[in-house]
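See structure below.
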Amino acid sequence: MIRNRGANGAILNAGVSPGATASATINYTLTDFASGHMNDLKKSYEFAERLCPTVYVPGAHGRYKKFDDVDSFQVYATGRGLGADPTRIQFGAEDEYYNCAPQALEITVDEKERQDAGRENAVAQQLLDEGKIKALMNAAVLSYAYNRVNYVLSKVTPVANRGNFSNPNIDPVDQIDEQLDQLQQLVGDISNIKITMSIDAWRAIRSNALAKRRLVGVQLSEISIDDFKGMLLFPCDVEVFGLSYIAPPGAGPAGGGSATVNTPSAGEFNPKSRLLSGNVLIHYSVPNPTLYDPSAFKSFVTGASNVQAVRSYMAPNGLFGGHIIDWSEDIEQTSAIAMRRLALS
């Protein structure tokens, strides 16, 4: 998140000049650069997309299907007699509505920065703007992941009496297998079931004595991701993520724990937290989701991409300019039965 400090040391997150930003125009050169820089942020972007994939929609408002019961995963008799009508698919899901809300971040370029870079040096000016865009896109993707993880964790209650991997008498693989079995029974498929966990959750599994005993033969190294996959009830897409952040003012951590408000005073900074800390998520999510599939969560985004353009402006006072990225989205839980959560204890 892009931050500035006010005269009293408080962190400010608001736009610096509503009048100036309203006159911002598309900067095609920086838009192309921003698109290219997204490749460097691929891992962070994939983390957010894995839990809450994007569905691109033509307008800010519309309907989607919500799959909250086993009838949503219906199979049909497909046979048809000569002259008879085909069997019609009946959605057991409910119609819900998405409403994409505007999102935006901006970063400023002070005229003193341009002067220091050398006003007559076109390359230096370009590098200055590109550095600003990198910072802006880094903040956008991290905020994007933070918002999605926070939303997911707020909607999914941890399974009771599970996730106690620190107990030497508990085998975490058994507990994860239990959730895999139950989730498969609900969604009727194994091919699109994923396991996503934080680094600390993965460390707890690797260090668990009962999990280590599952290693075949004499193996001196720790459990690897491939070893873990081979221990599971059935093949799964398993990913471990480590993405740290500092929560915006007034927000709690995206990973559990107390909802401590982040309000540092001047010269003070809260320590970083880890997204998804202490959690293992077992979830169903189809590739290339649409309005009509039963993935656990979706983010509805207008247009053909999350950030469609970089817009630039110059403040009326001539002391600074700025770059803005904006988009519209709505994060929704589209199937309450398609995700299981184990919170570590």
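Numbering starts fresh at 1 for the residues of each chain in the structure tokens, the chains themselves are lettered A, B, ... in the order given, and ligands are numbered from 1 as they appear.
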Near Ser207 of chain A, counting only C-alpha atoms, which residues have an atom at most 10 Å away, once you skip same-chain residues fewer than 4 positions from it, shown as a PDB file with N, CA, C and O atoms, in the first residue's frame?
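To be explicit, this is the file written out as result_18.pdb:
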```pdb
ATOM      1  N   PHE A 165      -1.072 -29.730  15.056  1.00  0.00           N
ATOM      2  CA  PHE A 165       0.096 -30.458  14.568  1.00  0.00           C
ATOM      3  C   PHE A 165       1.256 -30.462  15.554  1.00  0.00           C
ATOM      4  O   PHE A 165       2.200 -31.250  15.396  1.00  0.00           O
ATOM      5  N   SER A 166       1.227 -29.587  16.546  1.00  0.00           N
ATOM      6  CA  SER A 166       2.305 -29.573  17.540  1.00  0.00           C
ATOM      7  C   SER A 166       2.182 -30.723  18.536  1.00  0.00           C
ATOM      8  O   SER A 166       3.121 -31.020  19.269  1.00  0.00           O
ATOM      9  N   PRO A 168       2.536 -34.311  19.585  1.00  0.00           N
ATOM     10  CA  PRO A 168       3.336 -35.418  19.041  1.00  0.00           C
ATOM     11  C   PRO A 168       2.517 -36.672  18.740  1.00  0.00           C
ATOM     12  O   PRO A 168       2.996 -37.565  18.032  1.00  0.00           O
ATOM     13  N   TRP A 202       3.691 -25.439   6.870  1.00  0.00           N
ATOM     14  CA  TRP A 202       4.519 -26.450   6.238  1.00  0.00           C
ATOM     15  C   TRP A 202       5.659 -26.891   7.158  1.00  0.00           C
ATOM     16  O   TRP A 202       5.995 -28.075   7.260  1.00  0.00           O
ATOM     17  N   ARG A 203       6.240 -25.940   7.866  1.00  0.00           N
ATOM     18  CA  ARG A 203       7.315 -26.278   8.810  1.00  0.00           C
ATOM     19  C   ARG A 203       6.806 -27.196   9.914  1.00  0.00           C
ATOM     20  O   ARG A 203       7.502 -28.132  10.332  1.00  0.00           O
ATOM     21  N   ALA A 211       4.582 -37.703  10.931  1.00  0.00           N
ATOM     22  CA  ALA A 211       4.660 -37.469   9.492  1.00  0.00           C
ATOM     23  C   ALA A 211       5.990 -37.979   8.947  1.00  0.00           C
ATOM     24  O   ALA A 211       6.043 -38.590   7.864  1.00  0.00           O
ATOM     25  N   LYS A 212       7.076 -37.767   9.699  1.00  0.00           N
ATOM     26  CA  LYS A 212       8.389 -38.231   9.254  1.00  0.00           C
ATOM     27  C   LYS A 212       8.436 -39.748   9.126  1.00  0.00           C
ATOM     28  O   LYS A 212       9.138 -40.294   8.276  1.00  0.00           O
ATOM     29  N   GLU A 222      14.823 -34.009   5.307  1.00  0.00           N
ATOM     30  CA  GLU A 222      13.475 -33.695   5.766  1.00  0.00           C
ATOM     31  C   GLU A 222      12.460 -34.029   4.672  1.00  0.00           C
ATOM     32  O   GLU A 222      12.807 -34.262   3.523  1.00  0.00           O
ATOM     33  N   ILE A 223      11.171 -34.007   5.063  1.00  0.00           N
ATOM     34  CA  ILE A 223      10.100 -34.260   4.103  1.00  0.00           C
ATOM     35  C   ILE A 223      10.076 -33.145   3.058  1.00  0.00           C
ATOM     36  O   ILE A 223      10.098 -31.963   3.388  1.00  0.00           O
TER      37      ILE A 223
END
```
With a cut-off of 12 Å, could you pull out the residues of segment 21-114 of chain A touching segment 314-319 of chain A and give me the nearest pair of atoms for each, distance in Å to one decimal, using only C-alpha atoms, ordered by chain and ascending number, as JSON lines?
```
{"residue": "A:Thr21", "atom": "CA", "partner": "A:Ala315", "partner_atom": "CA", "distance": 7.9}
{"residue": "A:Ala22", "atom": "CA", "partner": "A:Ala315", "partner_atom": "CA", "distance": 10.4}
{"residue": "A:Ser23", "atom": "CA", "partner": "A:Met314", "partner_atom": "CA", "distance": 8.5}
{"residue": "A:Ala24", "atom": "CA", "partner": "A:Met314", "partner_atom": "CA", "distance": 7.8}
{"residue": "A:Thr25", "atom": "CA", "partner": "A:Met314", "partner_atom": "CA", "distance": 10.0}
{"residue": "A:Ile107", "atom": "CA", "partner": "A:Met314", "partner_atom": "CA", "distance": 11.9}
{"residue": "A:Thr108", "atom": "CA", "partner": "A:Met314", "partner_atom": "CA", "distance": 9.4}
{"residue": "A:Val109", "atom": "CA", "partner": "A:Leu319", "partner_atom": "CA", "distance": 8.9}
{"residue": "A:Asp110", "atom": "CA", "partner": "A:Leu319", "partner_atom": "CA", "distance": 6.2}
{"residue": "A:Glu111", "atom": "CA", "partner": "A:Leu319", "partner_atom": "CA", "distance": 5.4}
{"residue": "A:Lys112", "atom": "CA", "partner": "A:Leu319", "partner_atom": "CA", "distance": 8.0}
{"residue": "A:Glu113", "atom": "CA", "partner": "A:Leu319", "partner_atom": "CA", "distance": 10.3}
{"residue": "A:Arg114", "atom": "CA", "partner": "A:Leu319", "partner_atom": "CA", "distance": 10.4}
```
Who sits within 12 Å of Ile205 of chain A, only C-alpha atoms, same chain under 4 positions skipped, as a PDB file with N, CA and C atoms, in the first residue's frame:
```pdb
ATOM      1  N   GLY A 163      -5.855 -29.469  13.232  1.00  0.00           N
ATOM      2  CA  GLY A 163      -4.773 -28.505  13.055  1.00  0.00           C
ATOM      3  C   GLY A 163      -3.798 -28.476  14.218  1.00  0.00           C
ATOM      4  N   ASN A 164      -3.967 -29.380  15.177  1.00  0.00           N
ATOM      5  CA  ASN A 164      -3.088 -29.408  16.356  1.00  0.00           C
ATOM      6  C   ASN A 164      -1.826 -30.212  16.043  1.00  0.00           C
ATOM      7  N   PHE A 165      -1.072 -29.730  15.056  1.00  0.00           N
ATOM      8  CA  PHE A 165       0.096 -30.458  14.568  1.00  0.00           C
ATOM      9  C   PHE A 165       1.256 -30.462  15.554  1.00  0.00           C
ATOM     10  N   SER A 166       1.227 -29.587  16.546  1.00  0.00           N
ATOM     11  CA  SER A 166       2.305 -29.573  17.540  1.00  0.00           C
ATOM     12  C   SER A 166       2.182 -30.723  18.536  1.00  0.00           C
ATOM     13  N   ASN A 167       1.041 -31.385  18.544  1.00  0.00           N
ATOM     14  CA  ASN A 167       0.829 -32.545  19.425  1.00  0.00           C
ATOM     15  C   ASN A 167       1.583 -33.742  18.848  1.00  0.00           C
ATOM     16  N   PRO A 168       2.536 -34.311  19.585  1.00  0.00           N
ATOM     17  CA  PRO A 168       3.336 -35.418  19.041  1.00  0.00           C
ATOM     18  C   PRO A 168       2.517 -36.672  18.740  1.00  0.00           C
ATOM     19  N   ILE A 170      -0.381 -36.555  17.197  1.00  0.00           N
ATOM     20  CA  ILE A 170      -1.234 -36.242  16.046  1.00  0.00           C
ATOM     21  C   ILE A 170      -0.419 -36.339  14.764  1.00  0.00           C
ATOM     22  N   ASP A 171      -0.959 -37.032  13.781  1.00  0.00           N
ATOM     23  CA  ASP A 171      -0.343 -37.112  12.465  1.00  0.00           C
ATOM     24  C   ASP A 171      -1.065 -36.107  11.551  1.00  0.00           C
ATOM     25  N   PRO A 172      -0.385 -35.041  11.141  1.00  0.00           N
ATOM     26  CA  PRO A 172      -1.050 -34.034  10.306  1.00  0.00           C
ATOM     27  C   PRO A 172      -1.537 -34.590   8.969  1.00  0.00           C
ATOM     28  N   VAL A 173      -0.850 -35.591   8.447  1.00  0.00           N
ATOM     29  CA  VAL A 173      -1.278 -36.173   7.176  1.00  0.00           C
ATOM     30  C   VAL A 173      -2.639 -36.852   7.338  1.00  0.00           C
ATOM     31  N   ASP A 174      -2.846 -37.513   8.465  1.00  0.00           N
ATOM     32  CA  ASP A 174      -4.155 -38.121   8.733  1.00  0.00           C
ATOM     33  C   ASP A 174      -5.263 -37.069   8.750  1.00  0.00           C
ATOM     34  N   GLN A 175      -4.981 -35.951   9.414  1.00  0.00           N
ATOM     35  CA  GLN A 175      -6.006 -34.905   9.494  1.00  0.00           C
ATOM     36  C   GLN A 175      -6.282 -34.283   8.125  1.00  0.00           C
ATOM     37  N   ILE A 176      -5.248 -34.088   7.338  1.00  0.00           N
ATOM     38  CA  ILE A 176      -5.455 -33.530   5.997  1.00  0.00           C
ATOM     39  C   ILE A 176      -6.181 -34.540   5.115  1.00  0.00           C
ATOM     40  N   MET A 197      -0.957 -23.669   1.837  1.00  0.00           N
ATOM     41  CA  MET A 197      -0.577 -23.437   3.237  1.00  0.00           C
ATOM     42  C   MET A 197       0.527 -22.400   3.342  1.00  0.00           C
ATOM     43  N   SER A 198       0.674 -21.867   4.537  1.00  0.00           N
ATOM     44  CA  SER A 198       1.734 -20.902   4.821  1.00  0.00           C
ATOM     45  C   SER A 198       3.026 -21.650   5.152  1.00  0.00           C
ATOM     46  N   ILE A 199       4.124 -20.915   5.161  1.00  0.00           N
ATOM     47  CA  ILE A 199       5.427 -21.512   5.464  1.00  0.00           C
ATOM     48  C   ILE A 199       5.444 -22.118   6.862  1.00  0.00           C
ATOM     49  N   ASP A 200       4.852 -21.436   7.850  1.00  0.00           N
ATOM     50  CA  ASP A 200       4.891 -21.972   9.209  1.00  0.00           C
ATOM     51  C   ASP A 200       4.063 -23.246   9.341  1.00  0.00           C
ATOM     52  N   ALA A 201       2.974 -23.344   8.576  1.00  0.00           N
ATOM     53  CA  ALA A 201       2.199 -24.583   8.588  1.00  0.00           C
ATOM     54  C   ALA A 201       3.011 -25.723   7.974  1.00  0.00           C
ATOM     55  N   ALA A 209       6.842 -35.742  14.077  1.00  0.00           N
ATOM     56  CA  ALA A 209       7.482 -37.061  14.124  1.00  0.00           C
ATOM     57  C   ALA A 209       6.672 -38.128  13.406  1.00  0.00           C
ATOM     58  N   LEU A 210       5.357 -38.099  13.546  1.00  0.00           N
ATOM     59  CA  LEU A 210       4.525 -39.111  12.906  1.00  0.00           C
ATOM     60  C   LEU A 210       4.508 -38.936  11.386  1.00  0.00           C
ATOM     61  N   ALA A 211       4.582 -37.703  10.931  1.00  0.00           N
ATOM     62  CA  ALA A 211       4.660 -37.469   9.492  1.00  0.00           C
ATOM     63  C   ALA A 211       5.990 -37.979   8.947  1.00  0.00           C
ATOM     64  N   LYS A 212       7.076 -37.767   9.699  1.00  0.00           N
ATOM     65  CA  LYS A 212       8.389 -38.231   9.254  1.00  0.00           C
ATOM     66  C   LYS A 212       8.436 -39.748   9.126  1.00  0.00           C
ATOM     67  N   ARG A 213       7.691 -40.441   9.976  1.00  0.00           N
ATOM     68  CA  ARG A 213       7.699 -41.910   9.933  1.00  0.00           C
ATOM     69  C   ARG A 213       7.120 -42.463   8.636  1.00  0.00           C
ATOM     70  N   ARG A 214       6.400 -41.630   7.917  1.00  0.00           N
ATOM     71  CA  ARG A 214       5.794 -42.079   6.667  1.00  0.00           C
ATOM     72  C   ARG A 214       6.810 -42.175   5.533  1.00  0.00           C
ATOM     73  N   GLU A 222      14.823 -34.009   5.307  1.00  0.00           N
ATOM     74  CA  GLU A 222      13.475 -33.695   5.766  1.00  0.00           C
ATOM     75  C   GLU A 222      12.460 -34.029   4.672  1.00  0.00           C
ATOM     76  N   ILE A 223      11.171 -34.007   5.063  1.00  0.00           N
ATOM     77  CA  ILE A 223      10.100 -34.260   4.103  1.00  0.00           C
ATOM     78  C   ILE A 223      10.076 -33.145   3.058  1.00  0.00           C
ATOM     79  N   SER A 224      10.041 -33.518   1.804  1.00  0.00           N
ATOM     80  CA  SER A 224       9.928 -32.549   0.726  1.00  0.00           C
ATOM     81  C   SER A 224       8.460 -32.428   0.307  1.00  0.00           C
ATOM     82  N   ILE A 225       8.169 -31.426  -0.512  1.00  0.00           N
ATOM     83  CA  ILE A 225       6.803 -31.265  -1.029  1.00  0.00           C
ATOM     84  C   ILE A 225       6.381 -32.510  -1.804  1.00  0.00           C
ATOM     85  N   ASP A 227       7.496 -35.577  -1.363  1.00  0.00           N
ATOM     86  CA  ASP A 227       7.242 -36.631  -0.371  1.00  0.00           C
ATOM     87  C   ASP A 227       5.839 -36.484   0.203  1.00  0.00           C
ATOM     88  N   PHE A 228       5.507 -35.248   0.551  1.00  0.00           N
ATOM     89  CA  PHE A 228       4.203 -34.968   1.157  1.00  0.00           C
ATOM     90  C   PHE A 228       3.070 -35.323   0.205  1.00  0.00           C
ATOM     91  N   MET A 231       2.269 -38.911   0.210  1.00  0.00           N
ATOM     92  CA  MET A 231       1.645 -39.431   1.420  1.00  0.00           C
ATOM     93  C   MET A 231       0.136 -39.235   1.441  1.00  0.00           C
ATOM     94  N   VAL A 240       3.085 -24.115  -1.122  1.00  0.00           N
ATOM     95  CA  VAL A 240       3.447 -23.418   0.115  1.00  0.00           C
ATOM     96  C   VAL A 240       3.820 -21.991  -0.268  1.00  0.00           C
ATOM     97  N   GLY A 278      -0.236 -19.773   9.774  1.00  0.00           N
ATOM     98  CA  GLY A 278      -0.840 -20.767  10.645  1.00  0.00           C
ATOM     99  C   GLY A 278      -2.063 -21.452  10.089  1.00  0.00           C
ATOM    100  N   ASN A 279      -2.206 -21.475   8.781  1.00  0.00           N
ATOM    101  CA  ASN A 279      -3.395 -22.067   8.174  1.00  0.00           C
ATOM    102  C   ASN A 279      -3.047 -23.017   7.039  1.00  0.00           C
ATOM    103  N   VAL A 280      -3.846 -24.080   6.951  1.00  0.00           N
ATOM    104  CA  VAL A 280      -3.820 -24.990   5.808  1.00  0.00           C
ATOM    105  C   VAL A 280      -5.221 -24.974   5.202  1.00  0.00           C
ATOM    106  N   LEU A 344      -3.593 -23.920  12.781  1.00  0.00           N
ATOM    107  CA  LEU A 344      -2.590 -24.571  13.619  1.00  0.00           C
ATOM    108  C   LEU A 344      -2.732 -24.200  15.084  1.00  0.00           C
TER     109      LEU A 344
END
```
With a distance cut-off of 6 Å and only C-alpha atoms, select the neighbouring residues of Asp68 of chain A, excluding the residue or stretch itself and same-chain residues fewer than 4 positions from it, and output the selection as a PyMOL selection string.
chain A and resi 335-337
Which residues are close to Pro294 of chain A, i.e. within 7 Å by only C-alpha atoms, leaving aside same-chain residues fewer than 2 positions away? Reply as a list in words.
Phe67, Tyr292, Ala296, Thr334 and Ser335 of chain A
Taking the chain letters and numbering used in this document, name the residues of segment 75-305 of chain A that DSSP puts in helix (DSSP H, G or I), as an MDAnalysis selection string.
chainID A and resid 111:117 122:155 172:187 199:206 209:212 225:231
What does the distance from atom CA of Val141 of chain A to atom CA of Val156 of chain A come to in Å, to one decimal?
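The value is 22.8 Å.
Nearest residue to Ala338 of chain A, choosing from A:Cys52, A:Leu215, A:Val123, A:Leu233 and counting only C-alpha atoms: A:Cys52.
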For His323 of chain A, work out the shell of residues within 12 Å, counting only C-alpha atoms and skipping chain neighbours fewer than 2 positions away, then give it as a PyMOL selection string.
chain A and resi 2+15-17+20-28+30-31+34+104-110+128-137+309-315+320-321+325-326
Find the distance between atom CA of Phe241 of chain A and atom CA of Arg162 of chain A and write it in Å to one decimal.
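Taking atom CA of Phe241 of chain A and atom CA of Arg162 of chain A, their separation equals 20.9 Å.
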Taking the backbone alone, and naming residues the way the document does, which bits of segment 129-324 of chain A are strand (DSSP E) by DSSP, as JSON, numbers by chain?
{"A": [193, 194, 195, 196, 197, 198, 237, 238, 239, 240, 241, 244, 245, 273, 274, 279, 280, 281, 282, 283, 284, 297, 298, 299, 300, 301, 302, 310, 311, 312, 313, 314, 320, 321, 322, 323, 324]}
In Å and to one decimal, atom CA of Pro271 of chain A is distant from atom CA of Asn208 of chain A by 28.0 Å
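You can rank A:His61, A:Arg148, A:Arg50, A:His37 by their closest distance to Val307 of chain A using only C-alpha atoms, and at the top of that list sits A:His37.
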Kindly indicate which residue among A:Leu281, A:Val149, A:Ala124, A:Val57 lies nearest to Met339 of chain A, using only C-alpha atoms for the distances.
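Ranking A:Leu281, A:Val149, A:Ala124, A:Val57 by distance to Met339 of chain A, first place goes to A:Leu281.
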Who sits within 10 Å of Ala48 of chain A, only C-alpha atoms, same chain under 4 positions skipped, as an MDAnalysis selection string
chainID A and resid 43:44 52:54 141:149 299
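With distances restricted to only C-alpha atoms, A:Tyr64 is the closest residue to Glu96 of chain A from A:Phe234, A:Tyr284, A:Tyr64, A:Phe297.
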